[in-house]
Amino acid sequence: MNLEGKRFLVFGTGISGIAAAELLVSHGFLVILYDGNDKLQTDEIRKKSKLLQKTEIILGTLPKDVILGCDIAVLSPGVPTDLPVVEAMRQAGVEIWGEIELAYVFERGRILAITGTNGKTTTTSLLGAIMEHAVSKAKIVGNIGIPYTGAVADTDKDSVTVAEISSFQLETVHTFCPQISAILNITPDHLNRHHTMENYQRAKMQIAANQGKDQFCVLNYEDPLLREFAGQICAQAVFFSSQRKLEQGIYLDKDQIIWAWDRQQRIVCNVKELKLIGKHNYENVMAAVAMALLFGVSMEKVQEVLVRFSAVPHRIEYVVTKGGVRFYNDSKGTNPDAAIQAIRAMEWPTLLIGGGYDKDSQYGEWINAFEGKVKKLVLLGATREKIRDTAVRLGYPAEDIILVESLQEAVDACYAHAAKGDAVLLSPACASWGMFQNYEQRGDMFKQMARALQE
C-alpha cells in the first residue's frame, strides 16, 4: 500500500495510540495525536515518548479543519467506532483504521492471528511459546498487552508474529490478512460497545475476511456459528472439537488429543500431561497445536512446549493453599461464558467471588453452571444486585449469597466460610472497570490478599 504523502490522525493517547504514533513518526509521516479527554496534560503525554516531542497534540474537541486536513485516522481499540467525531471523519472522507491495520501495512514477515470471546490469551501465549521454540524470530503481540505497532518495525521475511486480536481491533481492519487465523468461540460479550450480537459476530469474523484458498482458518466445530461460517470463507477451514472425532482436524478423544490429517492420526498428548486444567483449556491447546502444525512446526517441537506450558496469569491461575483451602485467580473471566469455563474446571466445593462493571451481560447460564458446586456466592461491584436477583430467581439459596463492598471483604468472607478441601475462585463474569484499573490489577490484588491470609 502506498502511503506517500498521507496525513495521519492517531486517536487515543494510551499505550496503543502512543505506539501507533511512534511507528508513523519513525517513518517520517505527518502525525497529529488526539484524545477527547480534555483533562489530560500535553506535557504528561509527551513524557511517554521521546519520538513525539514535536508531534502536535490536540485534546478535547477536534476542530473541523483538522479533520479535513487528515487522510487516515488510526483509532485505538478503546475508541468506539460510532462516536460522533468518528462519524464526522467518515463524512469528511477520512479513512478509519485501527492499530492492527496500521501495523499490518508495515509487516514484513508472516502472521498468525487468534480471536474469540474466550481463550484468546491462553491460545496466543501457547502458540507464541511454540513458535519461539520453532523459529528464529517470533513476536507475540496485540490484545495480549503488547501493541502490534510497537513490534512490527523489527519484523523481517523470516519472522513470525502471533497476534491476539479483539473484536474492538477487528472492527477497523481493511487489508489485514494472516497466513493462519483462528476463531475459538463466539458468545455474547461487549454488547455495550457493539450494541447487537450480529455486530459482535461480524467483527470477530473479520479476521478471515481477506484470507485466500491457500490459507487456513481454525474453527471450533462445537460452535454452530463457526460451523456455518466455515462455508462462507475462502480460506480452508480446519476444525477442532472437544466432543467428537473428526476425519480431518484435531479432537479430544477421552484423555488424548488427536491430530487427524491426510488420512493419518497422530497422538499429540494425553491431557493429564498438561499443566492446564479444564475442557476449555484443552480446546485452547487444540487450536494452538493445529495452527502450529499447519504452519509446518514438527510434532516433536510442539510436544516439547506443551508439557511445560503453564496457565497464563489471571486465567484459572493457582495462587496459594491456606488452611487446606486452594485459591484460584480467574480475574480474566470478564464475561459469563469465561466464568462458566472456570467454574467447570473446579474439582472441589467452591466459594465464588463475582461481580463488577456491567457490560449488559445476562448471568442465567453462569448461575445454572454452578450445578451444586458453589457453596457461597460472594458478590461485589455494580452488578452484585443484578447477579443476586438472577441467582435467587433460578433457585440458588439466598442465604448462601454474600454482598460485599470490597475485594478484601470478599476474600475474608470466603476464607471464613471455607473448609479444608474447598476452593476459593475469583471469576467475576464482569469487567473490572469502576473498582480497578483493569483485570490485571484486580487479579494481582486478589493474589496479594490470598497470600496474606493467616492460617
# chains A, B, ... in the order shown; residues from 1 in each chain; ligands from 1
>>> residues_around(residues="stretch 323-336 of chain A", least_positions_apart="5", cutoff="6 Å", atoms="only C-alpha atoms", output="list in words")
His314, Arg315, Ile316, Glu317, Tyr318, Trp366, Lys420, Gly421, Asp422, Ala423, Val424, Leu425, Leu426, Ser427, Ala429, Cys430, Ala431, Tyr439, Gly443 and Glu455 of chain A
>>> closest_atom_pairs(of="stretch 298-414 of chain A", to="stretch 282-288 of chain A", cutoff="12 Å", atoms="only C-alpha atoms", output="JSON lines")
{"residue": "A:Val302", "atom": "CA", "partner": "A:Ala288", "partner_atom": "CA", "distance": 9.4}
{"residue": "A:Gln303", "atom": "CA", "partner": "A:Val285", "partner_atom": "CA", "distance": 10.9}
{"residue": "A:Val305", "atom": "CA", "partner": "A:Val285", "partner_atom": "CA", "distance": 11.0}
{"residue": "A:Leu306", "atom": "CA", "partner": "A:Val285", "partner_atom": "CA", "distance": 8.1}
{"residue": "A:Val307", "atom": "CA", "partner": "A:Val285", "partner_atom": "CA", "distance": 11.1}
{"residue": "A:Phe309", "atom": "CA", "partner": "A:Val285", "partner_atom": "CA", "distance": 10.1}
{"residue": "A:Ser310", "atom": "CA", "partner": "A:Val285", "partner_atom": "CA", "distance": 11.4}
{"residue": "A:Ala311", "atom": "CA", "partner": "A:Asn284", "partner_atom": "CA", "distance": 11.0}
{"residue": "A:Val312", "atom": "CA", "partner": "A:Asn284", "partner_atom": "CA", "distance": 12.0}
{"residue": "A:Gln341", "atom": "CA", "partner": "A:Glu283", "partner_atom": "CA", "distance": 11.1}
{"residue": "A:Ala345", "atom": "CA", "partner": "A:Tyr282", "partner_atom": "CA", "distance": 11.0}
>>> write_last_selection(atoms="all heavy atoms", output="short mmCIF file (atom, residue, chain, number, x, y, z; two decimals), in the first residue's frame")
data_model
loop_
_atom_site.label_atom_id
_atom_site.label_comp_id
_atom_site.auth_asym_id
_atom_site.auth_seq_id
_atom_site.Cartn_x
_atom_site.Cartn_y
_atom_site.Cartn_z
N VAL A 302 6.27 -29.20 18.97
CA VAL A 302 5.01 -28.85 19.61
C VAL A 302 4.89 -29.56 20.96
O VAL A 302 4.56 -28.93 21.99
CB VAL A 302 3.82 -29.23 18.70
CG1 VAL A 302 2.51 -29.14 19.47
CG2 VAL A 302 3.78 -28.34 17.47
N GLN A 303 5.17 -30.83 20.98
CA GLN A 303 5.03 -31.62 22.21
C GLN A 303 6.00 -31.16 23.30
O GLN A 303 5.66 -31.15 24.49
CB GLN A 303 5.25 -33.10 21.89
CG GLN A 303 4.13 -33.70 21.05
CD GLN A 303 4.48 -35.05 20.46
OE1 GLN A 303 5.66 -35.36 20.22
NE2 GLN A 303 3.47 -35.86 20.21
N VAL A 305 6.93 -28.18 23.96
CA VAL A 305 6.40 -26.97 24.60
C VAL A 305 5.16 -27.29 25.43
O VAL A 305 4.98 -26.77 26.53
CB VAL A 305 6.09 -25.89 23.55
CG1 VAL A 305 5.42 -24.68 24.20
CG2 VAL A 305 7.37 -25.47 22.83
N LEU A 306 4.30 -28.17 24.91
CA LEU A 306 3.03 -28.47 25.58
C LEU A 306 3.22 -28.91 27.02
O LEU A 306 2.49 -28.48 27.92
CB LEU A 306 2.27 -29.55 24.82
CG LEU A 306 1.54 -29.16 23.54
CD1 LEU A 306 0.81 -30.36 22.97
CD2 LEU A 306 0.58 -28.02 23.79
N VAL A 307 4.17 -29.79 27.26
CA VAL A 307 4.30 -30.40 28.59
C VAL A 307 4.85 -29.43 29.63
O VAL A 307 4.73 -29.68 30.83
CB VAL A 307 5.17 -31.67 28.54
CG1 VAL A 307 4.50 -32.74 27.68
CG2 VAL A 307 6.57 -31.37 28.00
N PHE A 309 4.21 -25.90 29.40
CA PHE A 309 3.47 -24.64 29.37
C PHE A 309 2.51 -24.55 30.55
O PHE A 309 1.74 -25.47 30.82
CB PHE A 309 2.69 -24.54 28.06
CG PHE A 309 1.95 -23.24 27.90
CD1 PHE A 309 2.61 -22.10 27.48
CD2 PHE A 309 0.59 -23.16 28.18
CE1 PHE A 309 1.92 -20.90 27.33
CE2 PHE A 309 -0.10 -21.97 28.04
CZ PHE A 309 0.57 -20.83 27.62
N SER A 310 2.53 -23.41 31.25
CA SER A 310 1.65 -23.18 32.40
C SER A 310 0.56 -22.18 32.04
O SER A 310 0.67 -21.44 31.05
CB SER A 310 2.45 -22.65 33.59
OG SER A 310 3.43 -23.59 33.99
N ALA A 311 -0.49 -22.14 32.85
CA ALA A 311 -1.59 -21.21 32.63
C ALA A 311 -1.08 -19.77 32.65
O ALA A 311 -0.16 -19.43 33.39
CB ALA A 311 -2.65 -21.40 33.70
N VAL A 312 -1.69 -18.94 31.84
CA VAL A 312 -1.32 -17.54 31.83
C VAL A 312 -1.85 -16.88 33.11
O VAL A 312 -2.84 -17.34 33.70
CB VAL A 312 -1.89 -16.82 30.59
CG1 VAL A 312 -1.32 -17.41 29.32
CG2 VAL A 312 -3.40 -16.87 30.56
N GLN A 341 -16.56 -21.47 32.15
CA GLN A 341 -15.45 -22.40 31.94
C GLN A 341 -14.62 -22.57 33.21
O GLN A 341 -14.15 -23.67 33.52
CB GLN A 341 -14.55 -21.89 30.79
CG GLN A 341 -15.28 -21.61 29.49
CD GLN A 341 -16.12 -22.78 29.01
OE1 GLN A 341 -15.76 -23.94 29.20
NE2 GLN A 341 -17.25 -22.48 28.39
N ALA A 345 -14.06 -26.02 35.58
CA ALA A 345 -12.73 -26.58 35.79
C ALA A 345 -12.46 -26.89 37.27
O ALA A 345 -11.54 -27.65 37.58
CB ALA A 345 -11.66 -25.61 35.27
#
>>> residues_around(residues="A:Val162", least_positions_apart="6", cutoff="7 Å", atoms="only C-alpha atoms", output="PyMOL selection string")
chain A and resi 111-113+124+128+139-141
>>> select_by_dssp(residues="stretch 101-232 of chain A", states="helix (DSSP H, G or I)", output="PyMOL selection string")
chain A and resi 101-106+120-134+148-154+167-170+191-194+197-208+224-232
>>> closest_residue(among="A:Leu75, A:Gly116, A:Leu252, A:Phe295", to="A:Leu219", atoms="only C-alpha atoms")
A:Gly116
>>> atom_distance(atom1="atom CA of A:Arg388", atom2="atom CA of A:Gln362")
11.9 Å
>>> closest_residue(among="A:Cys177, A:Arg393, A:Ala450, A:Leu126", to="A:Tyr415", atoms="only C-alpha atoms")
A:Ala450
>>> residues_around(residues="A:Tyr396", least_positions_apart="6", cutoff="9 Å", atoms="only C-alpha atoms", output="list in words")
Ile367, Asn368, Gly372, Arg388 and Thr390 of chain A
>>> residues_around(residues="A:Leu184", least_positions_apart="4", cutoff="12 Å", atoms="only C-alpha atoms", output="JSON, numbers by chain")
{"A": [113, 114, 115, 116, 117, 118, 119, 120, 121, 122, 123, 124, 164, 165, 166, 204, 205, 207, 217, 218, 219, 220, 221, 222, 223, 224, 225, 226, 227, 238, 239, 240, 241, 242, 280, 281, 282, 283, 284, 285, 286, 287, 288, 290, 291]}
>>> write_last_selection(atoms="C-alpha atoms", output="PDB file, in the first residue's frame")
ATOM      1  CA  ALA A 113      -3.886 -14.370  14.383  1.00  0.00           C
ATOM      2  CA  ILE A 114      -6.333 -15.521  17.058  1.00  0.00           C
ATOM      3  CA  THR A 115      -9.690 -14.175  18.170  1.00  0.00           C
ATOM      4  CA  GLY A 116     -12.717 -15.451  20.073  1.00  0.00           C
ATOM      5  CA  THR A 117     -14.771 -14.434  23.073  1.00  0.00           C
ATOM      6  CA  ASN A 118     -12.750 -16.555  25.492  1.00  0.00           C
ATOM      7  CA  GLY A 119      -9.401 -18.316  25.486  1.00  0.00           C
ATOM      8  CA  LYS A 120      -7.543 -15.853  23.249  1.00  0.00           C
ATOM      9  CA  THR A 121      -4.740 -15.066  25.672  1.00  0.00           C
ATOM     10  CA  THR A 122      -4.026 -18.680  26.627  1.00  0.00           C
ATOM     11  CA  THR A 123      -4.070 -19.808  22.994  1.00  0.00           C
ATOM     12  CA  THR A 124      -1.903 -16.892  21.857  1.00  0.00           C
ATOM     13  CA  GLU A 164      -4.265 -11.890  19.865  1.00  0.00           C
ATOM     14  CA  ILE A 165      -6.944  -9.715  18.295  1.00  0.00           C
ATOM     15  CA  SER A 166     -10.113  -8.440  19.938  1.00  0.00           C
ATOM     16  CA  LYS A 204     -14.988 -11.352  15.036  1.00  0.00           C
ATOM     17  CA  MET A 205     -15.358 -12.862  11.585  1.00  0.00           C
ATOM     18  CA  ILE A 207     -10.232 -11.970  10.986  1.00  0.00           C
ATOM     19  CA  CYS A 217      -8.827 -20.657   9.421  1.00  0.00           C
ATOM     20  CA  VAL A 218      -9.043 -22.830  12.552  1.00  0.00           C
ATOM     21  CA  LEU A 219     -12.572 -23.048  13.978  1.00  0.00           C
ATOM     22  CA  ASN A 220     -14.416 -24.639  16.890  1.00  0.00           C
ATOM     23  CA  TYR A 221     -16.667 -27.358  15.472  1.00  0.00           C
ATOM     24  CA  GLU A 222     -18.869 -27.241  18.582  1.00  0.00           C
ATOM     25  CA  ASP A 223     -19.837 -23.615  17.936  1.00  0.00           C
ATOM     26  CA  PRO A 224     -22.807 -23.653  15.490  1.00  0.00           C
ATOM     27  CA  LEU A 225     -21.996 -20.128  14.299  1.00  0.00           C
ATOM     28  CA  LEU A 226     -18.480 -21.156  13.369  1.00  0.00           C
ATOM     29  CA  ARG A 227     -19.584 -24.354  11.637  1.00  0.00           C
ATOM     30  CA  VAL A 238      -9.786 -26.653   9.896  1.00  0.00           C
ATOM     31  CA  PHE A 239     -11.868 -27.720  12.889  1.00  0.00           C
ATOM     32  CA  PHE A 240     -11.081 -28.645  16.474  1.00  0.00           C
ATOM     33  CA  SER A 241     -13.559 -30.492  18.689  1.00  0.00           C
ATOM     34  CA  SER A 242     -13.775 -31.438  22.344  1.00  0.00           C
ATOM     35  CA  HIS A 280     -11.982 -25.191  27.620  1.00  0.00           C
ATOM     36  CA  ASN A 281      -8.214 -25.184  28.020  1.00  0.00           C
ATOM     37  CA  TYR A 282      -7.955 -28.399  26.042  1.00  0.00           C
ATOM     38  CA  GLU A 283      -9.810 -26.557  23.268  1.00  0.00           C
ATOM     39  CA  ASN A 284      -7.263 -23.738  23.507  1.00  0.00           C
ATOM     40  CA  VAL A 285      -4.455 -26.285  23.249  1.00  0.00           C
ATOM     41  CA  MET A 286      -6.037 -27.897  20.196  1.00  0.00           C
ATOM     42  CA  ALA A 287      -6.383 -24.566  18.416  1.00  0.00           C
ATOM     43  CA  ALA A 288      -2.769 -23.588  19.094  1.00  0.00           C
ATOM     44  CA  ALA A 290      -3.487 -27.010  14.853  1.00  0.00           C
ATOM     45  CA  MET A 291      -2.119 -23.582  13.917  1.00  0.00           C
TER      46      MET A 291
END
>>> select_by_dssp(residues="stretch 27-252 of chain A", states="strand (DSSP E)", output="JSON, numbers by chain")
{"A": [30, 31, 32, 33, 34, 35, 56, 57, 58, 59, 72, 73, 74, 75, 95, 96, 97, 98, 110, 111, 112, 113, 114, 115, 138, 139, 140, 141, 142, 160, 161, 162, 163, 164, 180, 181, 182, 183, 216, 217, 218, 219, 220, 236, 237, 238, 239, 240, 241, 249, 250, 251, 252]}
>>> residues_around(residues="stretch 3-12 of chain A", least_positions_apart="5", cutoff="8 Å", atoms="only C-alpha atoms", output="list in words")
Gly17, Ile18, Ala20, Ala21, Phe29, Leu30, Val31, Ile32, Leu33, Tyr34, Asp35, Gly36, Gly69, Cys70, Asp71, Ile72, Ala73, Val74, Leu75, Ser76, Gly78 and Val79 of chain A
>>> closest_residue(among="A:Ile343, A:Ala19, A:Ile387, A:Val411", to="A:Ile146", atoms="only C-alpha atoms")
A:Ala19
